[in-house]
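Report on one structure; see the data block that follows.
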Amino acid sequence: MPYTDQPPGRADSLREEIPEPDDFDAFWDESLTLSREAGGDPRLRPVRDTLLSTVDVHDLRFPGWRGQPVAAWLIVPSEADGPLPAVITYLGYSDGRGLPTDHLCYASAGYAHLVVDSRGQGHETPDHDESTRPQWVSGFLTRGIHDPREHYYRRLIVDCARAVDAARRLPHVDADRITVQGASQGGGLALAVAGLAGPDIAAALPDVPFLCHFRRGAETATDGPYTELVDYLRHHTRDAPERAFATLGYFDGAHFARRAQAPALFSVGLMDPVCPPPTVYAAYHRYAADKDITVWPFADHAGGQGATVPSHLRWLRERGLAPAAR
């Protein structure tokens with residue numbers, strides 16, 4: 001049955017307590033400073049023989065967490081004239097940047113499109129795991145869960161924020177018109193960047209976002225990464241739950257949403273077993289800037305499927321973030 005306890009007109013999730021760490025802002029200021037001070041420049045290399053005739057592809061490497069190189073694709077319309085509005089895409093759980101042919105929609109619509117590899121999940125960006133304890137559950141959600149400074153998502157979120165820094169330096173990109181986008185894990189990462197990047201982005205497109213209201217996700221999800229947290233807590237039953245949720249509080253999209261400055265278009269599937277609607281609404285209702293949400297009443301975690309990108313393009317055009325007609 002659909003999770004109809006959170007229809008769009010209600011703000012029940014605002015009344016749910018989601019404890020925020022007292023040093024949330026200091027934690028992220030320190031994390032970004034450590035990485036920016038490591039230095040490094042984005043490096044572009046044209047990719048030849050792609051068999052594509054309407055877009056140009058570049059292999060992009062930019063400094064992420066503590067200067068460690070992160071792989072991305074930069075895909076732009078062939079013979080593009082001048083800097084373009086850009087879309088930065090963050091990827092779903094266990095997904096990497098794949099092949100350029102997996103990511104043609106936004107460049108075909110005239111955008112400069114950055115597709116950011118997820119460290120340790122794709123094949124091009126290794127994760128130098130800083131955790132000093134063994135990983136008891138497969139996956140990434142519990143990796144470093146004993147300490148937010150060692151948690152996997154600290155490194156990945158910094159990578160994603162640094163992708164904006166890199167994009168703003170590329171000659172292909174209009175630095176005043178950068179949109180961050182992603183679905184599931186990518187949606188949660190887009191929310192995190194919206195909270196961290198401030199005026200450096202123009203819009204956010206978080207679809208069926210993961211990494212929001214972790215406790216509610218653990219209590220209600222029947223599939224997907226939140227169940228990894230349940231598996232961990234099932235075997236660590238003493239004080240582990242409170243320690244775990246205290247750590248995850250540093251990575252909760254609901255807290256990043258409160259700091260966002262750019263307009264956003266969310267989406268939610270009301271029959272989503274992976275990111276149940278209450279977790280999405282927890283971030284949506286707290287989102288501090290102008291916001292809309294597309295509700296797919298009978299959708300699961302696939303959300304709007306093929307209708308998603310057209311809805312993005314229309315919404316961006318309405319806000320003056322579309323490329324000039326060619």
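All residue names refer to the structure tokens as shown: chains lettered A, B, ... in order, residues numbered from 1 in each chain, ligands numbered from 1 in order.
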Show me, as a count of residues only, the residues that have an atom within 7 Å of A:Phe210 when counting only C-alpha atoms, minus same-chain residues fewer than 3 positions from it. 5
DSSP-assigned helix (DSSP H, G or I) members of stretch 125-290 of chain A, reported as a count of residues only: 79
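Atom CA of A:Glu228 is found 13.4 Å from atom CA of A:Phe245.
Across the structure, atom CA of A:Gly303 and atom CA of A:Gly182 are spaced 12.1 Å apart.
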Hey, could you make a per-residue contact list for stretch 81-191 of chain A against stretch 27-43 of chain A with 12 Å as the cut-off, showing the nearest pair of atoms and its distance in Å to one decimal, counting only C-alpha atoms, sorted by chain and number, as CSV?
```
residue,atom,partner,partner_atom,distance
A:Pro148,CA,A:Phe27,CA,9.0
A:Arg149,CA,A:Phe27,CA,8.4
A:Glu150,CA,A:Ser31,CA,11.1
A:His151,CA,A:Ser31,CA,11.9
A:Tyr153,CA,A:Ser31,CA,11.4
A:Arg154,CA,A:Ser31,CA,7.7
A:Arg155,CA,A:Ser31,CA,8.5
A:Leu156,CA,A:Ser31,CA,11.1
A:Ile157,CA,A:Leu32,CA,9.5
A:Val158,CA,A:Leu32,CA,6.3
A:Asp159,CA,A:Ser35,CA,8.9
A:Cys160,CA,A:Leu32,CA,10.7
A:Ala161,CA,A:Leu32,CA,8.1
A:Arg162,CA,A:Arg36,CA,8.0
A:Ala163,CA,A:Pro42,CA,9.2
A:Val164,CA,A:Pro42,CA,11.0
A:Asp165,CA,A:Pro42,CA,9.2
A:Ala166,CA,A:Pro42,CA,5.9
A:Ala167,CA,A:Pro42,CA,8.5
A:Arg168,CA,A:Pro42,CA,10.2
A:Arg169,CA,A:Pro42,CA,7.9
A:Leu170,CA,A:Pro42,CA,8.1
A:Pro171,CA,A:Pro42,CA,11.4
```
For N, CA and C atoms, I'd like the residues from the last selection saved as an mmCIF file, in the first residue's frame.
```cif
data_model
loop_
_atom_site.group_PDB
_atom_site.id
_atom_site.type_symbol
_atom_site.label_atom_id
_atom_site.label_comp_id
_atom_site.auth_asym_id
_atom_site.auth_seq_id
_atom_site.Cartn_x
_atom_site.Cartn_y
_atom_site.Cartn_z
ATOM 1 N N PRO A 148 31.834 10.125 13.204
ATOM 2 C CA PRO A 148 31.514 10.885 11.989
ATOM 3 C C PRO A 148 32.744 11.333 11.217
ATOM 4 N N ARG A 149 33.873 11.513 11.877
ATOM 5 C CA ARG A 149 35.075 11.947 11.174
ATOM 6 C C ARG A 149 35.656 10.842 10.295
ATOM 7 N N GLU A 150 35.268 9.603 10.558
ATOM 8 C CA GLU A 150 35.748 8.483 9.760
ATOM 9 C C GLU A 150 34.668 7.920 8.844
ATOM 10 N N HIS A 151 33.481 8.488 8.900
ATOM 11 C CA HIS A 151 32.382 7.901 8.140
ATOM 12 C C HIS A 151 32.582 8.099 6.643
ATOM 13 N N TYR A 153 30.483 8.776 4.311
ATOM 14 C CA TYR A 153 29.776 9.876 3.648
ATOM 15 C C TYR A 153 30.428 11.232 3.899
ATOM 16 N N ARG A 154 31.293 11.337 4.864
ATOM 17 C CA ARG A 154 32.052 12.576 4.995
ATOM 18 C C ARG A 154 32.915 12.775 3.751
ATOM 19 N N ARG A 155 33.578 11.733 3.348
ATOM 20 C CA ARG A 155 34.463 11.823 2.187
ATOM 21 C C ARG A 155 33.672 12.040 0.898
ATOM 22 N N LEU A 156 32.575 11.291 0.735
ATOM 23 C CA LEU A 156 31.813 11.395 -0.508
ATOM 24 C C LEU A 156 31.129 12.754 -0.627
ATOM 25 N N ILE A 157 30.556 13.261 0.453
ATOM 26 C CA ILE A 157 29.886 14.559 0.381
ATOM 27 C C ILE A 157 30.884 15.666 0.070
ATOM 28 N N VAL A 158 32.075 15.604 0.655
ATOM 29 C CA VAL A 158 33.090 16.602 0.309
ATOM 30 C C VAL A 158 33.448 16.497 -1.169
ATOM 31 N N ASP A 159 33.615 15.292 -1.695
ATOM 32 C CA ASP A 159 33.861 15.137 -3.128
ATOM 33 C C ASP A 159 32.810 15.888 -3.940
ATOM 34 N N CYS A 160 31.544 15.709 -3.549
ATOM 35 C CA CYS A 160 30.445 16.298 -4.322
ATOM 36 C C CYS A 160 30.442 17.818 -4.222
ATOM 37 N N ALA A 161 30.759 18.355 -3.050
ATOM 38 C CA ALA A 161 30.861 19.806 -2.919
ATOM 39 C C ALA A 161 32.025 20.352 -3.736
ATOM 40 N N ARG A 162 33.124 19.600 -3.748
ATOM 41 C CA ARG A 162 34.290 20.044 -4.512
ATOM 42 C C ARG A 162 34.047 19.963 -6.023
ATOM 43 N N ALA A 163 33.085 19.141 -6.441
ATOM 44 C CA ALA A 163 32.718 19.108 -7.862
ATOM 45 C C ALA A 163 32.163 20.457 -8.297
ATOM 46 N N VAL A 164 31.444 21.142 -7.408
ATOM 47 C CA VAL A 164 30.956 22.486 -7.726
ATOM 48 C C VAL A 164 32.128 23.442 -7.854
ATOM 49 N N ASP A 165 33.086 23.354 -6.926
ATOM 50 C CA ASP A 165 34.280 24.197 -7.027
ATOM 51 C C ASP A 165 34.975 23.988 -8.371
ATOM 52 N N ALA A 166 35.093 22.722 -8.780
ATOM 53 C CA ALA A 166 35.762 22.422 -10.052
ATOM 54 C C ALA A 166 34.958 22.955 -11.232
ATOM 55 N N ALA A 167 33.642 22.746 -11.217
ATOM 56 C CA ALA A 167 32.801 23.178 -12.334
ATOM 57 C C ALA A 167 32.897 24.685 -12.545
ATOM 58 N N ARG A 168 32.971 25.430 -11.480
ATOM 59 C CA ARG A 168 33.013 26.886 -11.585
ATOM 60 C C ARG A 168 34.296 27.380 -12.250
ATOM 61 N N ARG A 169 35.292 26.513 -12.351
ATOM 62 C CA ARG A 169 36.560 26.899 -12.975
ATOM 63 C C ARG A 169 36.676 26.442 -14.426
ATOM 64 N N LEU A 170 35.687 25.724 -14.920
ATOM 65 C CA LEU A 170 35.770 25.192 -16.276
ATOM 66 C C LEU A 170 35.280 26.215 -17.293
ATOM 67 N N PRO A 171 35.992 26.389 -18.411
ATOM 68 C CA PRO A 171 35.570 27.380 -19.404
ATOM 69 C C PRO A 171 34.234 27.041 -20.062
#
```
Which neighbours of A:Gly269 fall inside 6 Å, counting only C-alpha atoms, when residues of the same chain fewer than 4 positions from it are skipped, and could you give them as a PyMOL selection string? chain A and resi 296+299-300+303
Mind dumping the selected residues with N, CA, C and O atoms as a PDB file, in the first residue's frame?
```
ATOM      1  N   TRP A 296       4.590  11.143  -7.337  1.00  0.00           N
ATOM      2  CA  TRP A 296       4.195  10.027  -8.196  1.00  0.00           C
ATOM      3  C   TRP A 296       3.416   9.046  -7.308  1.00  0.00           C
ATOM      4  O   TRP A 296       3.999   8.275  -6.566  1.00  0.00           O
ATOM      5  N   ALA A 299       4.183   5.221  -7.770  1.00  0.00           N
ATOM      6  CA  ALA A 299       5.559   4.892  -8.139  1.00  0.00           C
ATOM      7  C   ALA A 299       6.312   4.286  -6.964  1.00  0.00           C
ATOM      8  O   ALA A 299       6.094   4.646  -5.805  1.00  0.00           O
ATOM      9  N   ASP A 300       7.233   3.382  -7.308  1.00  0.00           N
ATOM     10  CA  ASP A 300       8.170   2.867  -6.317  1.00  0.00           C
ATOM     11  C   ASP A 300       9.439   3.711  -6.382  1.00  0.00           C
ATOM     12  O   ASP A 300       9.379   4.901  -6.707  1.00  0.00           O
ATOM     13  N   GLY A 303      10.504   6.248  -9.174  1.00  0.00           N
ATOM     14  CA  GLY A 303       9.912   7.579  -9.315  1.00  0.00           C
ATOM     15  C   GLY A 303       9.192   7.749 -10.631  1.00  0.00           C
ATOM     16  O   GLY A 303       8.429   6.894 -11.064  1.00  0.00           O
TER      17      GLY A 303
END
```
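Restricting the calculation to only C-alpha atoms, the smallest distance between A:Ile75 and any of A:Arg45, A:His146, A:Arg234, A:His213 is found for A:Arg45.
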Considering only C-alpha atoms, return as a VMD selection string whatever protein or nucleic-acid residues lie within 8 Å of A:Gly195, sequence-local ones (same chain, fewer than 4 positions apart) excluded. chain A and resid 191 256 to 261
Could you please take those selected residues and save N, CA and C atoms as a PDB file, in the first residue's frame?
```pdb
ATOM      1  N   LEU A 191      21.139  17.268  -2.101  1.00  0.00           N
ATOM      2  CA  LEU A 191      20.671  18.034  -0.947  1.00  0.00           C
ATOM      3  C   LEU A 191      21.843  18.509  -0.089  1.00  0.00           C
ATOM      4  N   PHE A 256      20.863  19.481   6.069  1.00  0.00           N
ATOM      5  CA  PHE A 256      21.383  20.264   4.943  1.00  0.00           C
ATOM      6  C   PHE A 256      20.267  21.115   4.328  1.00  0.00           C
ATOM      7  N   ALA A 257      19.044  20.558   4.263  1.00  0.00           N
ATOM      8  CA  ALA A 257      17.929  21.273   3.647  1.00  0.00           C
ATOM      9  C   ALA A 257      17.668  22.603   4.344  1.00  0.00           C
ATOM     10  N   ARG A 258      17.846  22.644   5.650  1.00  0.00           N
ATOM     11  CA  ARG A 258      17.603  23.872   6.411  1.00  0.00           C
ATOM     12  C   ARG A 258      18.570  24.984   6.034  1.00  0.00           C
ATOM     13  N   ARG A 259      19.676  24.643   5.408  1.00  0.00           N
ATOM     14  CA  ARG A 259      20.714  25.619   5.065  1.00  0.00           C
ATOM     15  C   ARG A 259      20.713  25.967   3.576  1.00  0.00           C
ATOM     16  N   ALA A 260      19.804  25.412   2.809  1.00  0.00           N
ATOM     17  CA  ALA A 260      19.810  25.602   1.356  1.00  0.00           C
ATOM     18  C   ALA A 260      19.397  27.022   0.985  1.00  0.00           C
ATOM     19  N   GLN A 261      19.978  27.522  -0.097  1.00  0.00           N
ATOM     20  CA  GLN A 261      19.647  28.851  -0.606  1.00  0.00           C
ATOM     21  C   GLN A 261      19.101  28.820  -2.027  1.00  0.00           C
TER      22      GLN A 261
END
```
Expressed in Å to a single decimal, how great is the separation between atom CA of A:Ser138 and atom CA of A:Pro21? 26.3 Å
All residues 10 Å or closer to stretch 288-293 of chain A, only C-alpha atoms, same chain fewer than 2 positions away omitted, as a JSON list (two decimals) with N, CA and C atoms, in the first residue's frame:
```json
[["chain", "number", "residue", "atom", "x", "y", "z"],
["A", 8, "PRO", "N", 1.28, 15.67, 0.15],
["A", 8, "PRO", "CA", 2.02, 16.91, -0.03],
["A", 8, "PRO", "C", 1.56, 18.06, 0.85],
["A", 194, "ALA", "N", 23.47, 21.33, -1.79],
["A", 194, "ALA", "CA", 22.62, 22.53, -1.70],
["A", 194, "ALA", "C", 22.80, 23.23, -0.36],
["A", 195, "GLY", "N", 23.00, 22.43, 0.70],
["A", 195, "GLY", "CA", 23.21, 23.02, 2.02],
["A", 195, "GLY", "C", 24.60, 23.57, 2.22],
["A", 203, "ALA", "N", 20.32, 25.93, -8.53],
["A", 203, "ALA", "CA", 19.14, 25.10, -8.34],
["A", 203, "ALA", "C", 19.57, 23.70, -7.93],
["A", 204, "ALA", "N", 18.61, 22.96, -7.36],
["A", 204, "ALA", "CA", 18.84, 21.57, -6.97],
["A", 204, "ALA", "C", 17.65, 20.72, -7.41],
["A", 205, "LEU", "N", 17.96, 19.50, -7.85],
["A", 205, "LEU", "CA", 16.95, 18.56, -8.33],
["A", 205, "LEU", "C", 17.12, 17.22, -7.61],
["A", 206, "PRO", "N", 16.68, 17.12, -6.34],
["A", 206, "PRO", "CA", 16.81, 15.85, -5.61],
["A", 206, "PRO", "C", 15.60, 14.94, -5.85],
["A", 207, "ASP", "N", 15.82, 13.85, -6.54],
["A", 207, "ASP", "CA", 14.75, 12.88, -6.82],
["A", 207, "ASP", "C", 14.81, 11.73, -5.82],
["A", 256, "PHE", "N", 20.86, 19.48, 6.07],
["A", 256, "PHE", "CA", 21.38, 20.26, 4.94],
["A", 256, "PHE", "C", 20.27, 21.11, 4.33],
["A", 257, "ALA", "N", 19.04, 20.56, 4.26],
["A", 257, "ALA", "CA", 17.93, 21.27, 3.65],
["A", 257, "ALA", "C", 17.67, 22.60, 4.34],
["A", 258, "ARG", "N", 17.85, 22.64, 5.65],
["A", 258, "ARG", "CA", 17.60, 23.87, 6.41],
["A", 258, "ARG", "C", 18.57, 24.98, 6.03],
["A", 259, "ARG", "N", 19.68, 24.64, 5.41],
["A", 259, "ARG", "CA", 20.71, 25.62, 5.06],
["A", 259, "ARG", "C", 20.71, 25.97, 3.58],
["A", 260, "ALA", "N", 19.80, 25.41, 2.81],
["A", 260, "ALA", "CA", 19.81, 25.60, 1.36],
["A", 260, "ALA", "C", 19.40, 27.02, 0.98],
["A", 261, "GLN", "N", 19.98, 27.52, -0.10],
["A", 261, "GLN", "CA", 19.65, 28.85, -0.61],
["A", 261, "GLN", "C", 19.10, 28.82, -2.03],
["A", 262, "ALA", "N", 19.29, 27.71, -2.74],
["A", 262, "ALA", "CA", 18.87, 27.63, -4.13],
["A", 262, "ALA", "C", 17.49, 26.98, -4.23],
["A", 263, "PRO", "N", 16.66, 27.37, -5.20],
["A", 263, "PRO", "CA", 15.37, 26.71, -5.39],
["A", 263, "PRO", "C", 15.56, 25.24, -5.74],
["A", 264, "ALA", "N", 14.57, 24.43, -5.40],
["A", 264, "ALA", "CA", 14.69, 22.99, -5.60],
["A", 264, "ALA", "C", 13.38, 22.40, -6.11],
["A", 265, "LEU", "N", 13.52, 21.38, -6.93],
["A", 265, "LEU", "CA", 12.40, 20.53, -7.34],
["A", 265, "LEU", "C", 12.69, 19.12, -6.83],
["A", 266, "PHE", "N", 11.91, 18.67, -5.84],
["A", 266, "PHE", "CA", 12.00, 17.32, -5.32],
["A", 266, "PHE", "C", 11.07, 16.40, -6.11],
["A", 267, "SER", "N", 11.26, 15.09, -5.90],
["A", 267, "SER", "CA", 10.24, 14.14, -6.32],
["A", 267, "SER", "C", 10.16, 13.02, -5.29],
["A", 268, "VAL", "N", 8.98, 12.37, -5.23],
["A", 268, "VAL", "CA", 8.73, 11.29, -4.28],
["A", 268, "VAL", "C", 7.80, 10.27, -4.92],
["A", 281, "TYR", "N", 9.82, 13.65, 2.71],
["A", 281, "TYR", "CA", 9.13, 14.84, 3.20],
["A", 281, "TYR", "C", 9.85, 15.48, 4.38],
["A", 283, "ALA", "N", 12.96, 16.04, 4.61],
["A", 283, "ALA", "CA", 13.87, 17.02, 4.00],
["A", 283, "ALA", "C", 13.10, 18.10, 3.27],
["A", 284, "TYR", "N", 12.06, 17.71, 2.54],
["A", 284, "TYR", "CA", 11.31, 18.68, 1.74],
["A", 284, "TYR", "C", 10.71, 19.78, 2.62],
["A", 285, "HIS", "N", 10.05, 19.40, 3.70],
["A", 285, "HIS", "CA", 9.39, 20.39, 4.54],
["A", 285, "HIS", "C", 10.38, 21.30, 5.24],
["A", 286, "ARG", "N", 11.61, 20.85, 5.42],
["A", 286, "ARG", "CA", 12.63, 21.67, 6.08],
["A", 286, "ARG", "C", 13.44, 22.49, 5.09],
["A", 295, "VAL", "N", 4.92, 14.56, -7.13],
["A", 295, "VAL", "CA", 4.45, 13.37, -6.41],
["A", 295, "VAL", "C", 3.98, 12.34, -7.42],
["A", 296, "TRP", "N", 4.59, 11.14, -7.34],
["A", 296, "TRP", "CA", 4.20, 10.03, -8.20],
["A", 296, "TRP", "C", 3.42, 9.05, -7.31],
["A", 315, "TRP", "N", 11.09, 22.67, -15.69],
["A", 315, "TRP", "CA", 11.24, 23.45, -14.45],
["A", 315, "TRP", "C", 12.44, 24.39, -14.56]]
```
